[in-house]
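Novice: So I've got this file, start21.cif, and it contains mmCIF, C-alpha atoms:
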```cif
data_final
loop_
_atom_site.group_PDB
_atom_site.id
_atom_site.type_symbol
_atom_site.label_atom_id
_atom_site.label_comp_id
_atom_site.auth_asym_id
_atom_site.auth_seq_id
_atom_site.Cartn_x
_atom_site.Cartn_y
_atom_site.Cartn_z
ATOM 1 C CA VAL A 60 123.105 131.536 159.304
ATOM 2 C CA GLN A 61 121.787 132.643 155.903
ATOM 3 C CA LEU A 62 122.465 136.091 154.466
ATOM 4 C CA GLN A 63 120.380 138.210 152.110
ATOM 5 C CA ALA A 64 121.845 141.384 150.631
ATOM 6 C CA SER A 65 119.623 144.073 149.158
ATOM 7 C CA GLY A 66 119.470 147.760 148.359
ATOM 8 C CA GLY A 67 121.620 147.917 145.252
ATOM 9 C CA GLY A 68 120.659 149.962 142.252
ATOM 10 C CA LEU A 69 121.697 152.602 139.757
ATOM 11 C CA VAL A 70 123.025 155.909 141.064
ATOM 12 C CA GLN A 71 124.872 158.834 139.544
ATOM 13 C CA ALA A 72 128.455 159.597 140.486
ATOM 14 C CA GLY A 73 128.553 161.637 143.669
ATOM 15 C CA GLY A 74 125.333 160.090 144.911
ATOM 16 C CA SER A 75 124.584 157.832 147.851
ATOM 17 C CA LEU A 76 123.166 154.395 148.380
ATOM 18 C CA ARG A 77 122.685 152.112 151.360
ATOM 19 C CA VAL A 78 122.887 148.354 151.018
ATOM 20 C CA SER A 79 121.706 145.966 153.698
ATOM 21 C CA CYS A 80 122.565 142.450 154.737
ATOM 22 C CA VAL A 81 119.828 140.664 156.655
ATOM 23 C CA ALA A 82 120.634 137.416 158.420
ATOM 24 C CA SER A 83 118.545 134.565 159.613
ATOM 25 C CA GLY A 84 119.538 132.754 162.780
ATOM 26 C CA ARG A 85 119.654 133.699 166.415
ATOM 27 C CA THR A 86 123.429 133.785 166.676
ATOM 28 C CA PHE A 87 124.037 136.485 164.057
ATOM 29 C CA SER A 88 124.879 139.024 166.740
ATOM 30 C CA SER A 89 127.841 136.848 167.757
ATOM 31 C CA TYR A 90 129.651 137.261 164.448
ATOM 32 C CA ALA A 91 131.740 139.883 162.764
ATOM 33 C CA VAL A 92 130.443 140.747 159.300
ATOM 34 C CA ASP A 93 132.342 141.866 156.223
ATOM 35 C CA TRP A 94 131.301 143.458 152.959
ATOM 36 C CA PHE A 95 133.115 142.507 149.781
ATOM 37 C CA ARG A 96 132.585 143.563 146.204
ATOM 38 C CA GLN A 97 133.374 142.165 142.801
ATOM 39 C CA ALA A 98 133.542 144.323 139.717
ATOM 40 C CA PRO A 99 133.213 142.799 136.236
ATOM 41 C CA GLY A 100 136.402 140.990 135.287
ATOM 42 C CA LYS A 101 138.033 141.617 138.650
ATOM 43 C CA GLU A 102 138.695 139.637 141.810
ATOM 44 C CA ARG A 103 136.425 139.945 144.804
ATOM 45 C CA GLU A 104 137.840 142.502 147.239
ATOM 46 C CA PHE A 105 137.299 143.485 150.834
ATOM 47 C CA VAL A 106 135.333 146.688 151.372
ATOM 48 C CA ALA A 107 134.484 147.002 155.059
ATOM 49 C CA GLY A 108 134.104 144.961 158.230
ATOM 50 C CA ILE A 109 132.424 145.318 161.590
ATOM 51 C CA SER A 110 132.906 143.459 164.859
ATOM 52 C CA TRP A 111 130.128 141.496 166.537
ATOM 53 C CA ASN A 112 128.999 144.409 168.685
ATOM 54 C CA GLY A 113 129.801 147.207 166.263
ATOM 55 C CA GLY A 114 132.633 148.432 168.439
ATOM 56 C CA SER A 115 135.264 148.068 165.727
ATOM 57 C CA THR A 116 135.042 148.845 162.040
ATOM 58 C CA TYR A 117 137.514 148.395 159.206
ATOM 59 C CA TYR A 118 137.659 149.828 155.705
ATOM 60 C CA ALA A 119 139.577 149.383 152.507
ATOM 61 C CA ASP A 120 141.618 152.458 151.670
ATOM 62 C CA SER A 121 139.584 152.945 148.509
ATOM 63 C CA VAL A 122 136.373 153.581 150.466
ATOM 64 C CA LYS A 123 137.660 155.113 153.690
ATOM 65 C CA GLY A 124 135.896 158.381 154.432
ATOM 66 C CA ARG A 125 133.088 157.643 151.943
ATOM 67 C CA PHE A 126 131.545 154.386 153.201
ATOM 68 C CA THR A 127 130.231 153.599 156.674
ATOM 69 C CA ILE A 128 129.434 150.136 157.982
ATOM 70 C CA SER A 129 127.032 149.694 160.871
ATOM 71 C CA ARG A 130 124.812 147.031 162.371
ATOM 72 C CA ASP A 131 121.559 146.628 164.232
ATOM 73 C CA ASN A 132 121.679 143.287 165.998
ATOM 74 C CA ALA A 133 118.053 143.599 167.095
ATOM 75 C CA LYS A 134 117.162 143.501 163.391
ATOM 76 C CA ASN A 135 119.869 140.993 162.408
ATOM 77 C CA THR A 136 121.040 143.536 159.849
ATOM 78 C CA VAL A 137 124.327 145.057 158.773
ATOM 79 C CA TYR A 138 124.326 148.194 156.636
ATOM 80 C CA LEU A 139 126.812 149.737 154.261
ATOM 81 C CA GLN A 140 126.159 153.421 153.689
ATOM 82 C CA MET A 141 127.947 154.532 150.539
ATOM 83 C CA ASN A 142 128.425 158.241 149.871
ATOM 84 C CA SER A 143 130.288 160.155 147.185
ATOM 85 C CA LEU A 144 130.012 157.152 144.911
ATOM 86 C CA LYS A 145 132.350 156.829 141.965
ATOM 87 C CA PRO A 146 132.023 154.813 138.750
ATOM 88 C CA GLU A 147 134.795 152.542 140.035
ATOM 89 C CA ASP A 148 132.519 151.541 142.934
ATOM 90 C CA THR A 149 130.351 149.684 140.410
ATOM 91 C CA ALA A 150 130.267 146.052 141.504
ATOM 92 C CA VAL A 151 128.207 143.300 143.035
ATOM 93 C CA TYR A 152 128.352 143.742 146.793
ATOM 94 C CA PHE A 153 128.384 140.683 149.036
ATOM 95 C CA CYS A 154 128.188 140.275 152.782
ATOM 96 C CA ARG A 155 130.080 137.510 154.518
ATOM 97 C CA VAL A 156 130.153 135.903 157.935
ATOM 98 C CA ASP A 157 132.614 133.377 159.343
ATOM 99 C CA THR A 158 130.803 131.037 161.715
ATOM 100 C CA GLU A 159 131.947 128.038 163.691
ATOM 101 C CA HIS A 160 130.410 125.942 160.922
ATOM 102 C CA GLY A 161 132.180 127.687 158.082
ATOM 103 C CA ARG A 162 132.091 130.753 155.862
ATOM 104 C CA VAL A 163 128.726 132.054 154.670
ATOM 105 C CA TRP A 164 128.209 134.442 151.748
ATOM 106 C CA GLY A 165 125.089 136.372 150.833
ATOM 107 C CA GLN A 166 123.906 136.296 147.229
ATOM 108 C CA GLY A 167 125.059 139.811 146.355
ATOM 109 C CA THR A 168 123.392 143.022 145.292
ATOM 110 C CA LEU A 169 124.424 145.019 142.213
ATOM 111 C CA VAL A 170 125.497 148.635 142.579
ATOM 112 C CA THR A 171 125.975 150.595 139.370
ATOM 113 C CA VAL A 172 127.416 154.110 139.447
ATOM 114 C CA SER A 173 127.036 156.112 136.269
ATOM 115 C CA SER A 174 129.418 158.914 135.329
#
```
Please rewrite the model in this file as structure tokens.
Specialist:
Amino acid sequence: VQLQASGGGLVQAGGSLRVSCVASGRTFSSYAVDWFRQAPGKEREFVAGISWNGGSTYYADSVKGRFTISRDNAKNTVYLQMNSLKPEDTAVYFCRVDTEHGRVWGQGTLVTVSS
């Protein structure tokens, strides 16, 4: 599996943005997918996760109620809809999958929220 994240950009505080993680490989629909983010000078942190079929979702407390993770397995894509963005959401956002062959990270997409 290879992952490609996209959709980042510059948005004003209070705005919305949707980032996507597109995967190659036929078995993508078998895996849970997580979004992480890393702000400048900080450790990478968990943001949200979704089970293989979308039946379960998980969120960090800092984004609960503002972010929504979803997936479309027919398109091999996982989305992260981000609403009510805050300057502290500024970070590079990465998607991650744990496969039977090991952990796979996407290359990241930069989200910048201006105040």
Novice: A:Met141, A:Ser65, A:Arg85, A:Gly167: which is nearest A:Tyr118, counting only C-alpha atoms?
Specialist: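 Ranked by minimum distance to A:Tyr118, first place goes to A:Met141.
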Novice: Residues of stretch 132-159 of chain A that approach stretch 107-116 of chain A to 9 Å or less, counting all atoms listed in the file: could you list each one with the shortest pair of atoms and its distance in Å to one decimal, rows by chain and increasing residue number, as CSV?
Specialist:
```
residue,atom,partner,partner_atom,distance
A:Asn132,CA,A:Asn112,CA,7.9
A:Val137,CA,A:Ile109,CA,8.6
A:Leu139,CA,A:Ala107,CA,8.2
```
Novice: Could you list, as a PyMOL selection string, every residue within 10 Å of A:Tyr152, counting only C-alpha atoms and ignoring same-chain residues fewer than 2 positions away?
Specialist: chain A and resi 64-67+78-80+94-98+103-106+139+148-150+154+165-170
Novice: Using all atoms listed in the file, find the one residue out of A:Arg130, A:Gly124, A:Ser83, A:Asp93 that sits nearest to A:Arg162.
Specialist: A:Asp93
Novice: Care to translate the PyMOL selection byres ((chain A and resi 71) around 10) into actual residues of this file, as a list in words?
Specialist: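 Output of the PyMOL selection byres ((chain A and resi 71) around 10): Leu69, Val70, Ala72, Gly73, Gly74, Ser75, Ser143, Leu144, Lys145, Pro146, Thr171, Val172, Ser173 and Ser174 of chain A.
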Novice: Please identify all polymer residues within 8 Å of A:Tyr90, counting all atoms listed in the file, omitting same-chain residues fewer than 3 positions from it, and present them as a CSV table (one decimal) with C-alpha atoms, in the coordinates of the input.
Specialist:
```
chain,number,residue,atom,x,y,z
A,86,THR,CA,123.4,133.8,166.7
A,87,PHE,CA,124.0,136.5,164.1
A,110,SER,CA,132.9,143.5,164.9
A,111,TRP,CA,130.1,141.5,166.5
A,156,VAL,CA,130.2,135.9,157.9
A,157,ASP,CA,132.6,133.4,159.3
A,158,THR,CA,130.8,131.0,161.7
```
Novice: To one decimal in Å, tell me the separation between atom CA of A:Asn135 and atom CA of A:Val151.
Specialist: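 If I compute the distance from atom CA of A:Asn135 to atom CA of A:Val151, I get 21.2 Å.
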Novice: At what distance in Å, to one decimal, does atom CA of A:Leu62 lie from atom CA of A:Val81?
Specialist: 5.7 Å
Novice: With only C-alpha atoms as the basis for distance, which of A:Ala82, A:Ala91, A:Phe153, A:Leu76 is at the shortest distance from A:Phe126?
Specialist: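 Nearest to A:Phe126: A:Leu76.
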Novice: Work out how far atom CA of A:Gln61 is from atom CA of A:Trp164, in Å to one decimal.
Specialist: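 Pair atom CA of A:Trp164 / atom CA of A:Gln61 returns 7.9 Å.
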Novice: For stretch 65-83 of chain A, supply N, CA, C and O atoms and report the output as a PDB file, keeping the file's coordinate frame.
Specialist:
```pdb
ATOM      1  N   SER A  65     120.589 143.323 149.968  1.00  0.00           N
ATOM      2  CA  SER A  65     119.623 144.073 149.158  1.00  0.00           C
ATOM      3  C   SER A  65     119.985 145.546 149.184  1.00  0.00           C
ATOM      4  O   SER A  65     120.865 145.974 149.943  1.00  0.00           O
ATOM      5  N   GLY A  66     119.292 146.317 148.356  1.00  0.00           N
ATOM      6  CA  GLY A  66     119.470 147.760 148.359  1.00  0.00           C
ATOM      7  C   GLY A  66     120.304 148.307 147.227  1.00  0.00           C
ATOM      8  O   GLY A  66     120.474 149.521 147.107  1.00  0.00           O
ATOM      9  N   GLY A  67     120.841 147.445 146.392  1.00  0.00           N
ATOM     10  CA  GLY A  67     121.620 147.917 145.252  1.00  0.00           C
ATOM     11  C   GLY A  67     120.745 148.620 144.234  1.00  0.00           C
ATOM     12  O   GLY A  67     119.520 148.583 144.309  1.00  0.00           O
ATOM     13  N   GLY A  68     121.399 149.263 143.290  1.00  0.00           N
ATOM     14  CA  GLY A  68     120.659 149.962 142.252  1.00  0.00           C
ATOM     15  C   GLY A  68     121.579 150.818 141.426  1.00  0.00           C
ATOM     16  O   GLY A  68     122.806 150.693 141.501  1.00  0.00           O
ATOM     17  N   LEU A  69     120.965 151.688 140.641  1.00  0.00           N
ATOM     18  CA  LEU A  69     121.697 152.602 139.757  1.00  0.00           C
ATOM     19  C   LEU A  69     121.714 153.987 140.390  1.00  0.00           C
ATOM     20  O   LEU A  69     120.658 154.507 140.783  1.00  0.00           O
ATOM     21  N   VAL A  70     122.895 154.582 140.472  1.00  0.00           N
ATOM     22  CA  VAL A  70     123.025 155.909 141.064  1.00  0.00           C
ATOM     23  C   VAL A  70     124.067 156.690 140.276  1.00  0.00           C
ATOM     24  O   VAL A  70     124.991 156.100 139.696  1.00  0.00           O
ATOM     25  N   GLN A  71     123.900 157.992 140.243  1.00  0.00           N
ATOM     26  CA  GLN A  71     124.872 158.834 139.544  1.00  0.00           C
ATOM     27  C   GLN A  71     126.113 159.036 140.411  1.00  0.00           C
ATOM     28  O   GLN A  71     126.039 158.980 141.655  1.00  0.00           O
ATOM     29  N   ALA A  72     127.220 159.293 139.764  1.00  0.00           N
ATOM     30  CA  ALA A  72     128.455 159.597 140.486  1.00  0.00           C
ATOM     31  C   ALA A  72     128.214 160.769 141.438  1.00  0.00           C
ATOM     32  O   ALA A  72     127.545 161.740 141.085  1.00  0.00           O
ATOM     33  N   GLY A  73     128.759 160.628 142.639  1.00  0.00           N
ATOM     34  CA  GLY A  73     128.553 161.637 143.669  1.00  0.00           C
ATOM     35  C   GLY A  73     127.349 161.358 144.551  1.00  0.00           C
ATOM     36  O   GLY A  73     127.183 162.002 145.594  1.00  0.00           O
ATOM     37  N   GLY A  74     126.532 160.417 144.157  1.00  0.00           N
ATOM     38  CA  GLY A  74     125.333 160.090 144.911  1.00  0.00           C
ATOM     39  C   GLY A  74     125.594 159.120 146.043  1.00  0.00           C
ATOM     40  O   GLY A  74     126.747 158.744 146.326  1.00  0.00           O
ATOM     41  N   SER A  75     124.503 158.717 146.689  1.00  0.00           N
ATOM     42  CA  SER A  75     124.584 157.832 147.851  1.00  0.00           C
ATOM     43  C   SER A  75     123.644 156.649 147.689  1.00  0.00           C
ATOM     44  O   SER A  75     122.633 156.733 146.982  1.00  0.00           O
ATOM     45  N   LEU A  76     123.988 155.592 148.379  1.00  0.00           N
ATOM     46  CA  LEU A  76     123.166 154.395 148.380  1.00  0.00           C
ATOM     47  C   LEU A  76     123.457 153.639 149.671  1.00  0.00           C
ATOM     48  O   LEU A  76     124.593 153.686 150.179  1.00  0.00           O
ATOM     49  N   ARG A  77     122.455 152.965 150.194  1.00  0.00           N
ATOM     50  CA  ARG A  77     122.685 152.112 151.360  1.00  0.00           C
ATOM     51  C   ARG A  77     122.276 150.684 151.026  1.00  0.00           C
ATOM     52  O   ARG A  77     121.140 150.441 150.614  1.00  0.00           O
ATOM     53  N   VAL A  78     123.198 149.766 151.191  1.00  0.00           N
ATOM     54  CA  VAL A  78     122.887 148.354 151.018  1.00  0.00           C
ATOM     55  C   VAL A  78     122.795 147.697 152.390  1.00  0.00           C
ATOM     56  O   VAL A  78     123.425 148.141 153.352  1.00  0.00           O
ATOM     57  N   SER A  79     121.968 146.653 152.433  1.00  0.00           N
ATOM     58  CA  SER A  79     121.706 145.966 153.698  1.00  0.00           C
ATOM     59  C   SER A  79     121.998 144.484 153.561  1.00  0.00           C
ATOM     60  O   SER A  79     121.862 143.909 152.485  1.00  0.00           O
ATOM     61  N   CYS A  80     122.345 143.893 154.672  1.00  0.00           N
ATOM     62  CA  CYS A  80     122.565 142.450 154.737  1.00  0.00           C
ATOM     63  C   CYS A  80     121.747 141.944 155.918  1.00  0.00           C
ATOM     64  O   CYS A  80     122.064 142.268 157.071  1.00  0.00           O
ATOM     65  N   VAL A  81     120.702 141.194 155.617  1.00  0.00           N
ATOM     66  CA  VAL A  81     119.828 140.664 156.655  1.00  0.00           C
ATOM     67  C   VAL A  81     120.144 139.190 156.856  1.00  0.00           C
ATOM     68  O   VAL A  81     120.278 138.433 155.882  1.00  0.00           O
ATOM     69  N   ALA A  82     120.260 138.793 158.100  1.00  0.00           N
ATOM     70  CA  ALA A  82     120.634 137.416 158.420  1.00  0.00           C
ATOM     71  C   ALA A  82     119.506 136.693 159.126  1.00  0.00           C
ATOM     72  O   ALA A  82     118.734 137.279 159.874  1.00  0.00           O
ATOM     73  N   SER A  83     119.430 135.426 158.844  1.00  0.00           N
ATOM     74  CA  SER A  83     118.545 134.565 159.613  1.00  0.00           C
ATOM     75  C   SER A  83     119.390 133.853 160.658  1.00  0.00           C
ATOM     76  O   SER A  83     120.585 133.681 160.490  1.00  0.00           O
TER      77      SER A  83
END
```
